[in-house]
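Undergrad: Sharing target_30.pdb, PDB, C-alpha atoms and all ligand atoms:
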```
ATOM      1  CA  MET F  21      91.402  96.444 112.495
ATOM      2  CA  ASN F  22      93.847  93.881 111.145
ATOM      3  CA  ILE F  23      97.482  94.161 112.214
ATOM      4  CA  VAL F  24      99.305  92.796 109.188
ATOM      5  CA  ARG F  25     102.759  91.248 109.440
ATOM      6  CA  LEU F  26     104.989  89.018 107.325
ATOM      7  CA  ARG F  27     106.820  85.963 108.618
ATOM      8  CA  LYS F  28     109.404  84.078 106.584
ATOM      9  CA  ALA F  29     107.883  80.675 105.726
ATOM     10  CA  SER F  30     109.618  77.470 106.833
ATOM     11  CA  SER F  31     109.229  73.951 105.455
ATOM     12  CA  LYS F  32     106.515  73.380 108.087
ATOM     13  CA  ASP F  33     104.383  76.002 106.304
ATOM     14  CA  LYS F  34     104.463  74.246 102.924
ATOM     15  CA  ALA F  35     101.050  72.563 103.269
ATOM     16  CA  ILE F  36      99.252  75.741 104.270
ATOM     17  CA  VAL F  37     100.882  77.739 101.444
ATOM     18  CA  VAL F  38      99.983  75.060  98.887
ATOM     19  CA  GLY F  39      96.418  75.186 100.265
ATOM     20  CA  PHE F  40      96.182  78.951  99.619
ATOM     21  CA  TYR F  41      97.681  78.417  96.174
ATOM     22  CA  ASN F  42      95.235  75.631  95.289
ATOM     23  CA  SER F  43      92.309  77.853  96.290
ATOM     24  CA  ILE F  44      92.845  80.038  93.198
ATOM     25  CA  GLU F  45      93.728  77.258  90.791
ATOM     26  CA  GLN F  46      90.581  75.201  91.055
ATOM     27  CA  GLU F  47      90.709  73.589  87.637
ATOM     28  CA  GLU F  48      93.699  71.498  88.609
ATOM     29  CA  PRO F  49      93.783  71.482  92.414
ATOM     30  CA  PHE F  50      96.766  69.194  93.049
ATOM     31  CA  SER F  51      99.710  70.186  90.952
ATOM     32  CA  LEU F  52     103.209  68.867  91.667
ATOM     33  CA  LYS F  53     104.628  71.848  89.780
ATOM     34  CA  ARG F  54     102.933  74.216  92.216
ATOM     35  CA  GLU F  55     104.205  72.250  95.211
ATOM     36  CA  LYS F  56     107.736  72.353  93.820
ATOM     37  CA  LYS F  57     107.505  76.101  93.220
ATOM     38  CA  ILE F  58     106.456  76.653  96.844
ATOM     39  CA  ALA F  59     109.103  74.264  98.206
ATOM     40  CA  ASN F  60     111.805  76.105  96.204
ATOM     41  CA  ALA F  61     110.559  79.532  97.311
ATOM     42  CA  ILE F  62     110.688  78.396 100.954
ATOM     43  CA  LEU F  63     114.222  77.023 100.482
ATOM     44  CA  ASP F  64     115.270  80.312  98.831
ATOM     45  CA  GLU F  65     113.793  82.246 101.802
ATOM     46  CA  ALA F  66     111.534  84.054  99.334
ATOM     47  CA  CYS F  67     108.180  82.865 100.699
ATOM     48  CA  PHE F  68     106.453  84.878 103.442
ATOM     49  CA  ILE F  69     103.311  84.020 105.380
ATOM     50  CA  ILE F  70     100.896  86.938 105.625
ATOM     51  CA  LEU F  71      99.546  87.254 109.161
ATOM     52  CA  ALA F  72      96.488  89.291 110.137
ATOM     53  CA  ASN F  73      96.222  89.558 113.923
ATOM     54  CA  ARG F  74      98.667  86.602 114.070
ATOM     55  CA  LYS F  75      96.480  84.352 111.902
ATOM     56  CA  ALA F  76      97.962  83.011 108.642
ATOM     57  CA  ILE F  77      95.724  84.417 105.895
ATOM     58  CA  GLY F  78      97.877  84.122 102.783
ATOM     59  CA  PHE F  79     101.387  84.199 101.401
ATOM     60  CA  VAL F  80     103.618  86.245  99.166
ATOM     61  CA  ILE F  81     106.701  85.251  97.161
ATOM     62  CA  PHE F  82     109.246  88.069  97.047
ATOM     63  CA  ASP F  83     112.844  88.051  95.784
ATOM     64  CA  TYR F  84     115.348  89.926  93.596
ATOM     65  CA  ARG F  85     115.402  87.749  90.496
ATOM     66  CA  PHE F  86     113.823  90.431  88.262
ATOM     67  CA  PHE F  87     116.841  92.456  87.013
ATOM     68  CA  ASP F  88     118.089  92.623  90.642
ATOM     69  CA  GLN F  89     115.047  94.704  91.601
ATOM     70  CA  GLY F  90     112.524  93.743  94.273
ATOM     71  CA  TRP F  91     110.060  91.365  92.642
ATOM     72  CA  ILE F  92     106.679  90.213  93.928
ATOM     73  CA  GLU F  93     106.227  86.934  92.109
ATOM     74  CA  LEU F  94     102.897  85.993  93.639
ATOM     75  CA  ILE F  95     100.541  87.139  96.394
ATOM     76  CA  ILE F  96      97.467  85.212  97.466
ATOM     77  CA  LEU F  97      95.119  86.112 100.310
ATOM     78  CA  ASP F  98      92.464  83.833 101.736
ATOM     79  CA  GLU F  99      89.170  84.796 100.052
ATOM     80  CA  ALA F 100      87.643  85.976 103.340
ATOM     81  CA  TYR F 101      90.431  88.545 103.713
ATOM     82  CA  ARG F 102      90.343  90.052 100.226
ATOM     83  CA  GLY F 103      88.943  93.513  99.528
ATOM     84  CA  LYS F 104      89.918  94.825 102.986
ATOM     85  CA  GLY F 105      93.079  96.684 102.046
ATOM     86  CA  ILE F 106      95.386  93.926 103.326
ATOM     87  CA  GLY F 107      97.123  93.539  99.946
ATOM     88  CA  GLY F 108      98.145  97.209 100.125
ATOM     89  CA  LYS F 109      99.579  96.712 103.618
ATOM     90  CA  VAL F 110     101.613  93.762 102.343
ATOM     91  CA  PHE F 111     102.984  95.933  99.506
ATOM     92  CA  ASP F 112     103.978  98.563 102.107
ATOM     93  CA  LEU F 113     105.755  95.934 104.246
ATOM     94  CA  LEU F 114     107.623  94.599 101.214
ATOM     95  CA  GLY F 115     108.523  98.183 100.290
ATOM     96  CA  GLU F 116     110.080  98.569 103.755
ATOM     97  CA  GLN F 117     112.132  95.391 103.467
ATOM     98  CA  CYS F 118     113.110  95.862  99.807
ATOM     99  CA  LYS F 119     116.839  96.589  99.485
ATOM    100  CA  ALA F 120     116.739  97.506  95.794
ATOM    101  CA  GLY F 121     115.765 100.816  94.195
ATOM    102  CA  LYS F 122     112.445  99.589  92.845
ATOM    103  CA  LEU F 123     109.782  97.052  93.666
ATOM    104  CA  PHE F 124     108.224  95.379  90.629
ATOM    105  CA  THR F 125     105.304  93.030  90.115
ATOM    106  CA  SER F 126     102.921  91.970  87.359
ATOM    107  CA  THR F 127      99.394  90.724  86.921
ATOM    108  CA  ASN F 128      97.022  89.724  84.136
ATOM    109  CA  ARG F 129      94.879  92.442  82.547
ATOM    110  CA  SER F 130      91.808  90.476  83.704
ATOM    111  CA  ASN F 131      92.840  90.833  87.378
ATOM    112  CA  THR F 132      91.280  94.232  88.060
ATOM    113  CA  ARG F 133      91.351  93.724  91.833
ATOM    114  CA  MET F 134      95.154  93.349  91.850
ATOM    115  CA  GLN F 135      95.484  96.398  89.564
ATOM    116  CA  LYS F 136      93.301  98.507  91.886
ATOM    117  CA  ALA F 137      95.258  97.344  94.932
ATOM    118  CA  LEU F 138      98.549  98.253  93.206
ATOM    119  CA  ALA F 139      97.305 101.690  92.091
ATOM    120  CA  LYS F 140      96.069 102.428  95.626
ATOM    121  CA  ALA F 141      99.465 101.400  97.020
ATOM    122  CA  GLY F 142     101.284 103.887  94.780
ATOM    123  CA  PHE F 143     102.540 101.571  92.031
ATOM    124  CA  SER F 144     103.020 102.991  88.515
ATOM    125  CA  PHE F 145     102.261 101.125  85.311
ATOM    126  CA  ALA F 146     105.482 100.005  83.588
ATOM    127  CA  GLY F 147     104.142  98.356  80.441
ATOM    128  CA  GLN F 148     102.581  95.167  79.198
ATOM    129  CA  LEU F 149     103.757  91.917  77.721
ATOM    130  CA  THR F 150     101.723  89.775  75.375
ATOM    131  CA  GLY F 151     102.274  86.127  74.574
ATOM    132  CA  LEU F 152     102.182  84.613  78.073
ATOM    133  CA  ASP F 153      98.460  83.984  78.671
ATOM    134  CA  GLU F 154      96.586  84.003  75.375
ATOM    135  CA  GLY F 155      94.295  87.056  75.139
ATOM    136  CA  ASP F 156      95.175  88.260  78.662
ATOM    137  CA  PRO F 157      98.354  90.395  78.628
ATOM    138  CA  GLU F 158     100.666  90.625  81.619
ATOM    139  CA  LEU F 159     100.732  94.170  83.061
ATOM    140  CA  PHE F 160     103.891  95.250  84.908
ATOM    141  CA  TYR F 161     103.971  97.763  87.772
ATOM    142  CA  TYR F 162     106.677  99.273  89.950
ATOM    143  CA  ARG F 163     107.133 101.455  92.982
ATOM    144  CA  LEU F 164     110.213 103.461  93.967
ATOM    145  CA  ILE F 165     111.883 102.492  97.247
ATOM    146  CA  LYS F 166     113.123 105.111  99.704
ATOM    147  CA  GLU F 167     116.859 105.653  99.390
ATOM    148  CA  GLU F 168     117.536 104.950 103.072
ATOM    149  CA  ASN F 169     116.110 101.414 102.659
ATOM    150  CA  GLN F 170     118.392 100.527  99.784
ATOM    151  CA  SER F 171     121.565  98.570 100.286
ATOM    152  CA  THR F 172     124.292  97.238  98.075
ATOM    153  CA  GLU F 173     123.861  93.840  99.742
ATOM    154  CA  GLN F 174     120.494  92.314  99.039
ATOM    155  CA  SER F 175     118.902  89.804 101.407
TER     156      SER F 175
HETATM  157  C1  LIG F 201      94.896  90.665  94.526
HETATM  158  C2  LIG F 201      94.948  90.782  96.052
HETATM  159  C3  LIG F 201      96.337  90.461  96.562
HETATM  160  C4  LIG F 201      94.607  92.258  96.398
HETATM  161  O1  LIG F 201      94.630  92.425  97.778
HETATM  162  P1  LIG F 201      93.316  92.997  98.524
HETATM  163  O2  LIG F 201      93.667  93.175  99.958
HETATM  164  O3  LIG F 201      92.156  92.113  98.224
HETATM  165  O4  LIG F 201      93.171  94.402  97.821
HETATM  166  P2  LIG F 201      92.267  95.609  98.300
HETATM  167  O5  LIG F 201      91.449  95.259  99.488
HETATM  168  O6  LIG F 201      93.173  96.789  98.386
HETATM  169  O7  LIG F 201      91.260  95.753  97.086
HETATM  170  C5  LIG F 201      91.675  96.280  95.896
HETATM  171  C6  LIG F 201      90.501  96.891  95.164
HETATM  172  O8  LIG F 201      89.777  95.891  94.457
HETATM  173  C7  LIG F 201      88.367  96.104  94.665
HETATM  174  N1  LIG F 201      87.712  94.801  94.554
HETATM  175  C8  LIG F 201      87.261  94.000  95.524
HETATM  176  N2  LIG F 201      86.745  92.861  94.986
HETATM  177  C9  LIG F 201      86.896  92.972  93.641
HETATM  178  C10 LIG F 201      86.568  92.131  92.548
HETATM  179  N3  LIG F 201      86.007  90.935  92.720
HETATM  180  N4  LIG F 201      86.905  92.557  91.301
HETATM  181  C11 LIG F 201      87.488  93.754  91.095
HETATM  182  N5  LIG F 201      87.831  94.591  92.112
HETATM  183  C12 LIG F 201      87.519  94.204  93.364
HETATM  184  C13 LIG F 201      88.290  96.700  96.033
HETATM  185  O9  LIG F 201      87.071  97.406  96.175
HETATM  186  C14 LIG F 201      89.503  97.621  96.034
HETATM  187  O10 LIG F 201      89.267  98.807  95.339
HETATM  188  P3  LIG F 201      88.800 100.147  96.060
HETATM  189  O11 LIG F 201      89.638 100.336  97.264
HETATM  190  O12 LIG F 201      89.017 101.164  95.006
HETATM  191  O13 LIG F 201      87.381  99.916  96.419
HETATM  192  C15 LIG F 201      93.905  89.811  96.721
HETATM  193  O14 LIG F 201      92.598  90.222  96.382
HETATM  194  C16 LIG F 201      94.090  88.352  96.346
HETATM  195  O15 LIG F 201      94.795  87.612  97.009
HETATM  196  N6  LIG F 201      93.429  87.916  95.238
HETATM  197  C17 LIG F 201      93.498  86.532  94.747
HETATM  198  C18 LIG F 201      94.872  86.148  94.241
HETATM  199  C19 LIG F 201      95.396  87.093  93.195
HETATM  200  O16 LIG F 201      94.709  87.476  92.256
HETATM  201  N7  LIG F 201      96.674  87.465  93.375
HETATM  202  C20 LIG F 201      97.391  88.325  92.470
HETATM  203  C21 LIG F 201      98.044  87.471  91.430
HETATM  204  S1  LIG F 201      99.074  88.425  90.387
END
```
For the file at hand, write its structure as structure tokens.
TA:
Amino acid sequence: MNIVRLRKASSKDKAIVVGFYNSIEQEEPFSLKREKKIANAILDEACFIILANRKAIGFVIFDYRFFDQGWIELIILDEAYRGKGIGGKVFDLLGEQCKAGKLFTSTNRSNTRMQKALAKAGFSFAGQLTGLDEGDPELFYYRLIKEENQSTEQS
């Protein structure tokens, strides 16, 4: 069984995070834009390394920039660790640390694995947005956060 934890990423983690990111964007493996996005997320303390039994197996970017609600911008697991329920555990951990009333995220309609993982983790469908990726709408999901977790000061 995998014990899943999150650790806030530091600048030393940038290369490993970029490596996970590049693994899903194979058409253009070395993108400066991607590196900058990761570097900014680390600086903003919004990037978390996903650990399974203490081994780094992916990352998640989580912050409050979406209407002041919890927002999962991106989650990527190493291929070998997908389909084992780890994504759901990460959503639970983010739900525990989320200080807002709701936790939102989105994914393309073509990403059925992410949609299944979200449904299993208790997320509800919030609606879809067209016009971002041609022919592949962005589906939004949210989950309510327990009242005792919420705080007026977000971290
Ligand atoms: C999306 C992701 C975070 C989900 O986490 P996960 O731990 O793999 O999710 P789960 O193990 O809970 O699997 C979710 C469901 O997808 C199913 N699944 C597995 N492989 C699949 C595939 N290739 N296509 C569709 N569904 C698949 C699983 O069977 C499971 O459903 P089930 O429990 O009903 O059988 C992870 O797969 C990942 O990092 N994918 C690549 C990056 C990505 O797409 N990130 C999301 C960007 S918005």
Undergrad: Axis-aligned box over every listed atom of ligand LIG 201 (chain F), padded by 8 Å per side: centre and edges in Å to one decimal, as lines of an AutoDock Vina configuration file?
TA:
```
center_x = 92.5
center_y = 93.7
center_z = 95.2
size_x = 29.1
size_y = 31.0
size_z = 25.6
```
Undergrad: Using all atoms listed in the file, list the residues that have an atom at most 6 Å from (94.5, 89.1, 101.9), coordinates as in the file, as a PyMOL selection string.
TA: chain F and resi 97-98+101-102+106-107
Undergrad: Kindly give the distance, in Å, that separates atom CA of Asn22 of chain F and atom CA of Gly108 of chain F, rounded to a single decimal.
TA: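 Computed distance, atom CA of Asn22 of chain F to atom CA of Gly108 of chain F, equals 12.3 Å.
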Undergrad: Let me make sure I understand: among F:Val37, F:Cys118, F:Ala59, F:Leu94, which one has the smallest atom-to-atom distance to ligand LIG 201 (chain F) if we use only C-alpha atoms and all ligand atoms?
TA: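 Smallest distance to ligand LIG 201 (chain F) is found for F:Leu94.
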Undergrad: Could you produce a table of the residues of chain F lying within 9 Å of ligand LIG 201 (chain F), with the nearest pair of atoms per residue and their separation in Å rounded to one decimal, using only C-alpha atoms and all ligand atoms, ordered by chain and increasing residue number, as a Markdown table?
TA:
```
| residue | atom | partner | partner_atom | distance |
| --- | --- | --- | --- | --- |
| F:Tyr41 | CA | F:LIG201 | C18 | 8.4 |
| F:Ser43 | CA | F:LIG201 | C17 | 8.9 |
| F:Ile44 | CA | F:LIG201 | C18 | 6.5 |
| F:Gly78 | CA | F:LIG201 | O15 | 7.4 |
| F:Phe79 | CA | F:LIG201 | O15 | 8.6 |
| F:Val80 | CA | F:LIG201 | C3 | 8.8 |
| F:Ile92 | CA | F:LIG201 | S1 | 8.6 |
| F:Glu93 | CA | F:LIG201 | S1 | 7.5 |
| F:Leu94 | CA | F:LIG201 | C21 | 5.5 |
| F:Ile95 | CA | F:LIG201 | N7 | 4.9 |
| F:Ile96 | CA | F:LIG201 | O15 | 3.6 |
| F:Leu97 | CA | F:LIG201 | O15 | 3.6 |
| F:Asp98 | CA | F:LIG201 | O15 | 6.5 |
| F:Glu99 | CA | F:LIG201 | O15 | 7.0 |
| F:Tyr101 | CA | F:LIG201 | O3 | 6.8 |
| F:Arg102 | CA | F:LIG201 | O3 | 3.4 |
| F:Gly103 | CA | F:LIG201 | O5 | 3.1 |
| F:Lys104 | CA | F:LIG201 | O5 | 3.8 |
| F:Gly105 | CA | F:LIG201 | O5 | 3.4 |
| F:Ile106 | CA | F:LIG201 | O2 | 3.9 |
| F:Gly107 | CA | F:LIG201 | O2 | 3.5 |
| F:Gly108 | CA | F:LIG201 | O6 | 5.3 |
| F:Lys109 | CA | F:LIG201 | O2 | 7.8 |
| F:Val110 | CA | F:LIG201 | O2 | 8.3 |
| F:Thr125 | CA | F:LIG201 | S1 | 7.8 |
| F:Ser126 | CA | F:LIG201 | S1 | 6.0 |
| F:Thr127 | CA | F:LIG201 | S1 | 4.2 |
| F:Asn128 | CA | F:LIG201 | S1 | 6.7 |
| F:Asn131 | CA | F:LIG201 | O16 | 6.2 |
| F:Thr132 | CA | F:LIG201 | C11 | 4.9 |
| F:Arg133 | CA | F:LIG201 | N5 | 3.6 |
| F:Met134 | CA | F:LIG201 | C1 | 3.8 |
| F:Gln135 | CA | F:LIG201 | C5 | 7.4 |
| F:Lys136 | CA | F:LIG201 | C6 | 4.6 |
| F:Ala137 | CA | F:LIG201 | C5 | 3.9 |
| F:Leu138 | CA | F:LIG201 | O6 | 7.6 |
| F:Ala139 | CA | F:LIG201 | C5 | 8.7 |
| F:Lys140 | CA | F:LIG201 | O6 | 6.9 |
| F:Ala141 | CA | F:LIG201 | O6 | 7.9 |
```
Undergrad: Generate the output file for the selected residues, C-alpha atoms, as a short mmCIF file (atom, residue, chain, number, x, y, z; two decimals), in the coordinates of the input.
TA:
```
data_model
loop_
_atom_site.label_atom_id
_atom_site.label_comp_id
_atom_site.auth_asym_id
_atom_site.auth_seq_id
_atom_site.Cartn_x
_atom_site.Cartn_y
_atom_site.Cartn_z
CA TYR F 41 97.68 78.42 96.17
CA SER F 43 92.31 77.85 96.29
CA ILE F 44 92.84 80.04 93.20
CA GLY F 78 97.88 84.12 102.78
CA PHE F 79 101.39 84.20 101.40
CA VAL F 80 103.62 86.24 99.17
CA ILE F 92 106.68 90.21 93.93
CA GLU F 93 106.23 86.93 92.11
CA LEU F 94 102.90 85.99 93.64
CA ILE F 95 100.54 87.14 96.39
CA ILE F 96 97.47 85.21 97.47
CA LEU F 97 95.12 86.11 100.31
CA ASP F 98 92.46 83.83 101.74
CA GLU F 99 89.17 84.80 100.05
CA TYR F 101 90.43 88.54 103.71
CA ARG F 102 90.34 90.05 100.23
CA GLY F 103 88.94 93.51 99.53
CA LYS F 104 89.92 94.82 102.99
CA GLY F 105 93.08 96.68 102.05
CA ILE F 106 95.39 93.93 103.33
CA GLY F 107 97.12 93.54 99.95
CA GLY F 108 98.14 97.21 100.12
CA LYS F 109 99.58 96.71 103.62
CA VAL F 110 101.61 93.76 102.34
CA THR F 125 105.30 93.03 90.12
CA SER F 126 102.92 91.97 87.36
CA THR F 127 99.39 90.72 86.92
CA ASN F 128 97.02 89.72 84.14
CA ASN F 131 92.84 90.83 87.38
CA THR F 132 91.28 94.23 88.06
CA ARG F 133 91.35 93.72 91.83
CA MET F 134 95.15 93.35 91.85
CA GLN F 135 95.48 96.40 89.56
CA LYS F 136 93.30 98.51 91.89
CA ALA F 137 95.26 97.34 94.93
CA LEU F 138 98.55 98.25 93.21
CA ALA F 139 97.30 101.69 92.09
CA LYS F 140 96.07 102.43 95.63
CA ALA F 141 99.46 101.40 97.02
#
```
Undergrad: Please tell me which residues are no farther than 8 Å from (100.2, 77.0, 91.3) in the file, counting only C-alpha atoms, and write them as a PyMOL selection string.
TA: chain F and resi 38+41-42+45+51+53-55+57
Undergrad: Which one of F:Lys34, F:Arg129, F:Lys166, F:Arg85 sits closest to Gly147 of chain F if you count all atoms listed in the file?
TA: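 Selected residue with least distance to Gly147 of chain F: F:Arg129.
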Undergrad: Evaluate the PyMOL selection byres (((chain F and resi 76) around 10) and not hetatm) and record the selected residues as a PDB file with C-alpha atoms, in the coordinates of the input, following the chain and residue labels used in the document.
TA:
```
ATOM      1  CA  VAL F  24      99.305  92.796 109.188  1.00  0.00           C
ATOM      2  CA  ARG F  25     102.759  91.248 109.440  1.00  0.00           C
ATOM      3  CA  LEU F  26     104.989  89.018 107.325  1.00  0.00           C
ATOM      4  CA  ARG F  27     106.820  85.963 108.618  1.00  0.00           C
ATOM      5  CA  ASP F  33     104.383  76.002 106.304  1.00  0.00           C
ATOM      6  CA  ILE F  36      99.252  75.741 104.270  1.00  0.00           C
ATOM      7  CA  VAL F  37     100.882  77.739 101.444  1.00  0.00           C
ATOM      8  CA  ILE F  69     103.311  84.020 105.380  1.00  0.00           C
ATOM      9  CA  ILE F  70     100.896  86.938 105.625  1.00  0.00           C
ATOM     10  CA  LEU F  71      99.546  87.254 109.161  1.00  0.00           C
ATOM     11  CA  ALA F  72      96.488  89.291 110.137  1.00  0.00           C
ATOM     12  CA  ASN F  73      96.222  89.558 113.923  1.00  0.00           C
ATOM     13  CA  ARG F  74      98.667  86.602 114.070  1.00  0.00           C
ATOM     14  CA  LYS F  75      96.480  84.352 111.902  1.00  0.00           C
ATOM     15  CA  ILE F  77      95.724  84.417 105.895  1.00  0.00           C
ATOM     16  CA  GLY F  78      97.877  84.122 102.783  1.00  0.00           C
ATOM     17  CA  PHE F  79     101.387  84.199 101.401  1.00  0.00           C
ATOM     18  CA  LEU F  97      95.119  86.112 100.310  1.00  0.00           C
ATOM     19  CA  ASP F  98      92.464  83.833 101.736  1.00  0.00           C
TER      20      ASP F  98
END
```
Undergrad: Report, in Å to a single decimal, how far apart atom CA of Pro157 of chain F and atom CA of Phe145 of chain F are.
TA: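 About the pair atom CA of Phe145 of chain F and atom CA of Pro157 of chain F: they are 13.2 Å apart.
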Undergrad: For Lys119 of chain F, which residue among F:Gly142, F:Gly39, F:Gly90, F:Gly155 is the nearest when counting all atoms listed in the file?
TA: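 Once distances to Lys119 of chain F are computed over all atoms listed in the file, the minimum belongs to F:Gly90.
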Undergrad: Atom CA of Ala146 of chain F and atom CA of Glu65 of chain F, how far apart in Å?
TA: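 So the two atoms, atom CA of Glu65 of chain F and atom CA of Ala146 of chain F, lie 26.8 Å apart.
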Undergrad: For Phe124 of chain F, please output as an NGL selection string all residues within 8 Å (counting only C-alpha atoms; exclusion window: fewer than 2 positions along the same chain).
TA: :F and (86 or 89-92 or 122 or 126 or 160-163)
